[in-house]
$ cat data-v3.pdb   # PDB, C-alpha atoms, pLDDT in the B column
ATOM      1  CA  ILE A   1      -6.462   8.533 -12.773  1.00 92.00           C
ATOM      2  CA  ILE A   2      -6.283   4.985 -11.427  1.00 95.00           C
ATOM      3  CA  TYR A   3      -4.334   4.086  -8.294  1.00 95.00           C
ATOM      4  CA  SER A   4      -2.968   0.628  -7.624  1.00 95.00           C
ATOM      5  CA  TRP A   5      -0.355  -0.715  -5.241  1.00 94.00           C
ATOM      6  CA  VAL A   6       2.497  -3.166  -5.765  1.00 95.00           C
ATOM      7  CA  PHE A   7       3.505  -5.397  -2.836  1.00 95.00           C
ATOM      8  CA  ASN A   8       7.243  -6.184  -2.562  1.00 93.00           C
ATOM      9  CA  GLU A   9       7.930  -6.319  -6.295  1.00 83.00           C
ATOM     10  CA  PHE A  10       6.271  -5.887  -9.665  1.00 77.00           C
ATOM     11  CA  PRO A  11       3.924  -7.466 -10.798  1.00 82.00           C
ATOM     12  CA  SER A  12       2.578  -8.476  -7.367  1.00 91.00           C
ATOM     13  CA  PHE A  13      -0.364  -6.070  -7.060  1.00 94.00           C
ATOM     14  CA  VAL A  14      -2.347  -5.628  -3.845  1.00 94.00           C
ATOM     15  CA  ALA A  15      -5.788  -7.157  -4.311  1.00 92.00           C
ATOM     16  CA  GLU A  16      -8.640  -5.391  -2.565  1.00 93.00           C
ATOM     17  CA  ASP A  17     -10.549  -7.616  -0.164  1.00 94.00           C
ATOM     18  CA  SER A  18     -12.211  -7.427   3.250  1.00 93.00           C
ATOM     19  CA  ARG A  19      -8.943  -6.109   4.801  1.00 91.00           C
ATOM     20  CA  ARG A  20      -7.445  -4.029   1.982  1.00 92.00           C
ATOM     21  CA  PHE A  21      -8.954  -0.946   0.326  1.00 93.00           C
ATOM     22  CA  ILE A  22      -7.455   1.498  -2.194  1.00 93.00           C
ATOM     23  CA  SER A  23      -9.089   4.925  -2.254  1.00 93.00           C
ATOM     24  CA  GLN A  24      -9.438   6.068  -5.851  1.00 94.00           C
ATOM     25  CA  GLU A  25      -9.882   9.637  -4.526  1.00 92.00           C
ATOM     26  CA  THR A  26      -6.667   9.896  -2.507  1.00 90.00           C
ATOM     27  CA  GLY A  27      -4.612   6.912  -3.647  1.00 91.00           C
ATOM     28  CA  ASN A  28      -4.232   5.745  -0.037  1.00 90.00           C
ATOM     29  CA  LEU A  29      -3.976   2.033   0.686  1.00 90.00           C
ATOM     30  CA  TYR A  30      -5.813   1.044   3.862  1.00 90.00           C
ATOM     31  CA  ILE A  31      -5.094  -2.273   5.555  1.00 87.00           C
ATOM     32  CA  SER A  32      -7.255  -3.297   8.504  1.00 85.00           C
ATOM     33  CA  LYS A  33      -6.247  -5.950  11.020  1.00 81.00           C
ATOM     34  CA  VAL A  34      -2.643  -5.779   9.812  1.00 81.00           C
ATOM     35  CA  GLN A  35      -0.889  -9.155   9.901  1.00 83.00           C
ATOM     36  CA  THR A  36       2.753 -10.169   9.712  1.00 83.00           C
ATOM     37  CA  SER A  37       2.141 -11.354   6.126  1.00 88.00           C
ATOM     38  CA  ASP A  38       1.440  -7.674   5.257  1.00 89.00           C
ATOM     39  CA  VAL A  39       4.973  -6.652   6.221  1.00 88.00           C
ATOM     40  CA  GLY A  40       6.996  -5.555   3.219  1.00 90.00           C
ATOM     41  CA  SER A  41       7.498  -2.785   0.715  1.00 92.00           C
ATOM     42  CA  TYR A  42       4.584  -1.027  -1.000  1.00 92.00           C
ATOM     43  CA  ILE A  43       4.818   1.074  -4.166  1.00 93.00           C
ATOM     44  CA  CYS A  44       1.933   3.140  -5.511  1.00 93.00           C
ATOM     45  CA  LEU A  45       1.353   3.034  -9.270  1.00 94.00           C
ATOM     46  CA  VAL A  46      -0.611   5.987 -10.646  1.00 95.00           C
ATOM     47  CA  LYS A  47      -1.951   5.671 -14.189  1.00 95.00           C
ATOM     48  CA  ASN A  48      -3.450   8.475 -16.279  1.00 94.00           C
ATOM     49  CA  THR A  49      -6.245   6.789 -18.236  1.00 94.00           C
ATOM     50  CA  VAL A  50      -6.203   9.466 -20.966  1.00 96.00           C
ATOM     51  CA  THR A  51      -2.489   9.463 -21.808  1.00 95.00           C
ATOM     52  CA  ASN A  52      -1.574   6.035 -20.349  1.00 94.00           C
ATOM     53  CA  ALA A  53       1.308   7.741 -18.512  1.00 95.00           C
ATOM     54  CA  ARG A  54       2.395   5.910 -15.362  1.00 94.00           C
ATOM     55  CA  VAL A  55       4.264   7.103 -12.285  1.00 93.00           C
ATOM     56  CA  LEU A  56       5.640   4.989  -9.438  1.00 92.00           C
ATOM     57  CA  SER A  57       6.050   6.252  -5.890  1.00 90.00           C
ATOM     58  CA  PRO A  58       9.155   5.535  -3.848  1.00 90.00           C
ATOM     59  CA  PRO A  59       8.835   2.324  -1.798  1.00 90.00           C
ATOM     60  CA  THR A  60       6.939   2.669   1.487  1.00 87.00           C
ATOM     61  CA  PRO A  61       7.875   0.030   4.074  1.00 87.00           C
ATOM     62  CA  LEU A  62       5.427  -1.614   6.459  1.00 85.00           C
ATOM     63  CA  THR A  63       7.636  -3.006   9.214  1.00 79.00           C
ATOM     64  CA  LEU A  64       7.440  -5.258  12.239  1.00 71.00           C
ATOM     65  CA  ARG A  65       8.894  -3.841  15.427  1.00 67.00           C
ATOM     66  CA  ASN A  66       9.247  -5.254  18.893  1.00 63.00           C
ATOM     67  CA  ASP A  67       8.169  -3.061  21.806  1.00 61.00           C
ATOM     68  CA  GLY A  68       9.727  -5.390  24.392  1.00 57.00           C
ATOM     69  CA  LYS A  69       6.516  -7.246  25.231  1.00 53.00           C
ATOM     70  CA  LYS A  70       5.014  -8.155  21.895  1.00 50.00           C
ATOM     71  CA  ASP A  71       5.510  -7.631  18.200  1.00 49.00           C
ATOM     72  CA  VAL A  72       3.762  -4.574  16.779  1.00 49.00           C
ATOM     73  CA  ILE A  73       3.227  -3.805  13.123  1.00 53.00           C
ATOM     74  CA  ALA A  74       4.073  -0.182  12.411  1.00 51.00           C
ATOM     75  CA  GLY A  75       1.450   1.652  10.398  1.00 47.00           C
ATOM     76  CA  TYR A  76      -2.292   1.410   9.894  1.00 43.00           C
ATOM     77  CA  TYR A  77      -2.577   2.757   6.376  1.00 45.00           C
ATOM     78  CA  ILE A  78      -0.154   3.630   3.633  1.00 47.00           C
ATOM     79  CA  GLU A  79      -0.362   6.948   1.856  1.00 49.00           C
ATOM     80  CA  ALA A  80       0.739   7.641  -1.693  1.00 48.00           C
ATOM     81  CA  LYS A  81       3.375  10.356  -1.706  1.00 47.00           C
ATOM     82  CA  ILE A  82       4.499  11.067  -5.229  1.00 46.00           C
ATOM     83  CA  VAL A  83       6.511  14.213  -5.726  1.00 40.00           C
TER      84      VAL A  83
END

$ encode --input "data-v3.pdb" --output "structure tokens"
Amino acid sequence: IIYSWVFNEFPSFVAEDSRRFISQETGNLYISKVQTSDVGSYICLVKNTVTNARVLSPPTPLTLRNDGKKDVIAGYYIEAKIV
């Protein structure tokens, strides 16, 4: 199984770098030092490498909220939840 993540819309895949990591064990997407440019909708794509079957998760939003004093980005990591 291979996990990948789509940012906002297909085919804009999340590229792993010094801030973004996709666990190939759990499928979780971890984003460190979250920035406003990370705000958007994330969809997990799970691919079975034997059968080539693919499944998409429902969209998971990463949102910007205002706590009255400063803007806060909700969420530290995004978890794949495919039912």

$ residues_near_point --input "data-v3.pdb" --point "(-7.0, 9.0, -13.4)" --cutoff "8 Å" --atoms "only C-alpha atoms" --output "PyMOL selection string"
chain A and resi 1-3+46-50

$ resolve_selection --input "data-v3.pdb" --expression "the PyMOL selection byres ((chain A and resi 16) around 10)" --output "PDB file with C-alpha atoms, in the frame of the given file"
ATOM      1  CA  SER A   4      -2.968   0.628  -7.624  1.00 95.00           C
ATOM      2  CA  TRP A   5      -0.355  -0.715  -5.241  1.00 94.00           C
ATOM      3  CA  PHE A  13      -0.364  -6.070  -7.060  1.00 94.00           C
ATOM      4  CA  VAL A  14      -2.347  -5.628  -3.845  1.00 94.00           C
ATOM      5  CA  ALA A  15      -5.788  -7.157  -4.311  1.00 92.00           C
ATOM      6  CA  ASP A  17     -10.549  -7.616  -0.164  1.00 94.00           C
ATOM      7  CA  SER A  18     -12.211  -7.427   3.250  1.00 93.00           C
ATOM      8  CA  ARG A  19      -8.943  -6.109   4.801  1.00 91.00           C
ATOM      9  CA  ARG A  20      -7.445  -4.029   1.982  1.00 92.00           C
ATOM     10  CA  PHE A  21      -8.954  -0.946   0.326  1.00 93.00           C
ATOM     11  CA  ILE A  22      -7.455   1.498  -2.194  1.00 93.00           C
ATOM     12  CA  LEU A  29      -3.976   2.033   0.686  1.00 90.00           C
ATOM     13  CA  TYR A  30      -5.813   1.044   3.862  1.00 90.00           C
ATOM     14  CA  ILE A  31      -5.094  -2.273   5.555  1.00 87.00           C
TER      15      ILE A  31
END

$ atom_distance --input "data-v3.pdb" --atom1 "atom CA of A:Gln24" --atom2 "atom CA of A:Pro59"
19.1 Å

$ atom_distance --input "data-v3.pdb" --atom1 "atom CA of A:Phe7" --atom2 "atom CA of A:Ile43"
6.7 Å

$ resolve_selection --input "data-v3.pdb" --expression "the PyMOL selection byres ((chain A and resi 60) around 7)" --output "list in words"
Ser41, Tyr42, Ile43, Pro58, Pro59, Pro61 and Leu62 of chain A

$ axis_aligned_box --input "data-v3.pdb" --around "stretch 49-54 of chain A" --padding-each-side "6 Å" --output "JSON"
{"center_x": -1.9, "center_y": 7.7, "center_z": -18.6, "size_x": 20.6, "size_y": 15.6, "size_z": 18.4}

$ atom_distance --input "data-v3.pdb" --atom1 "atom CA of A:Thr26" --atom2 "atom CA of A:Leu56"
15.0 Å

$ closest_residue --input "data-v3.pdb" --among "A:Asn8, A:Thr63, A:Ser57, A:Asn28" --to "A:Cys44" --atoms "only C-alpha atoms"
A:Ser57
